[in-house]
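Visitor: One structure is given below, represented as structure tokens, and several questions about it will come after.
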Amino acid sequence: MTDNRPDVGEDAFLGGRLRLYQPSSGHRAGHDAMLLAAATPGRPGDRIVDFGAGVGAAGLAVATRIDNVDLVLVERDETLAVLARRNAVLNSLAARVCTLDITAEAETFARVGLGPDTADVVLMNPPFNDAVRHRPSPDQGRRAAHVAEPSGLDIWTHAARRMLKSGGVLSLIWRSDGLAEVLSALDRGFGDIAIRPVHPDPRKPAIRVLVRAVKGSRAPLRLCPDLMLSDEMGRPTREAQVVLVGGQALASTGLR
């Protein structure tokens with residue numbers, strides 16, 4: 001009998017406080033997931049839903065920082081969903097994993113307990129590379145994780161808007177040159193949009209944007225201070241270390 005299970009390794013995040021089983025090849029969680037987690041707010045008792053959770057990296061990182069959250073990890077790939085369940089157990093964190101495609105109808109979400117107006121926070125790292133502008137990876141897992149389908153962001157944002165309570169928060173990470181796509185997707189139903197550009201170092205343009213938006217808010221957009229991952233000498237900045245190693249939320253001077 002052939003064993004089709006992928007090779008799996010174990011990686012450490014947040015200075016070793018979060019450990020994750022991941023496929024040894026294909027898409028693997030990294031800095032983007034930890035930055036998204038740091039930009040995601042929450043309080044004990046909140047229902048926090050991680051869309052496209054993969055092996056659970058971002059959602060579990062949030063649960064590592066905030067005690068007693070009602071964490072739901074949504075992932076369409078059954079292989080990754082199995083690893084997400086294992087990772088919750090590995091880190092002694094409570095999480096429910098739903099094998100579900102974000103593009104599914106509202107009735108499908110409701111059947112697994114994810115009905116409208118039930119989430120306090122949704123976080124997501126959708127596939128964001130335009131297949132026309134970026135050569136897709138030959139690896140199926142990487143391709144599914146990185147390459148956006150037409151109108152994909154609109155679909156994901158619509159699903160988040162439907163699930164969030166009024167005043168609930170959507171937190172996402174996206175490529176910096178696609179900011180216009182994000183603002184267009186958030187144009188209906190969201191306000192108080194906070195944007196924080198993420199730069200490799202002070203000499204280089206932003207490569208990512210962290211975006212937070214509030215359902216039903218009429219507050220204006222805010223452009224927050226840039227986050228530098230390294231200084232001019234290539235050394236990790238203190239703020240990056242606090243987030244990526246210390247596991248803390250981004251400072252209140254940025255996204256609050």
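Residue numbers start at 1 in each chain; chains themselves are named A, B, ... in the order of the structure tokens; ligands are numbered from 1 in the order shown.
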Go through segment 1-244 of chain A and collect every residue that DSSP, computed from the backbone, puts in helix (DSSP H, G or I); the answer should be as a ChimeraX atom specification.

Guide: /A:14-16,31-38,57-65,78-90,106-111,140-146,152-163,176-185,238-244

Visitor: Give me the residues of segment 178-249 of chain A that have any atom at most 10 Å from an atom of segment 59-76 of chain A; for each, the nearest atom pair and the distance in Å, rounded to one decimal. Use only C-alpha atoms, sort by chain and number, and format it as JSON lines.

Guide:
{"residue": "A:Gly246", "atom": "CA", "partner": "A:Arg65", "partner_atom": "CA", "distance": 9.6}
{"residue": "A:Gly247", "atom": "CA", "partner": "A:Arg65", "partner_atom": "CA", "distance": 6.7}
{"residue": "A:Gln248", "atom": "CA", "partner": "A:Arg65", "partner_atom": "CA", "distance": 6.8}
{"residue": "A:Ala249", "atom": "CA", "partner": "A:Arg65", "partner_atom": "CA", "distance": 8.0}

Visitor: Within 10 Å of segment 79-88 of chain A, counting only C-alpha atoms, which residues show up once you throw out same-chain ones fewer than 3 positions away? Write them as an MDAnalysis selection string, please.

Guide: chainID A and resid 5:6 8 10 18:23 52:57 59:60 63 73:76 91:100 141
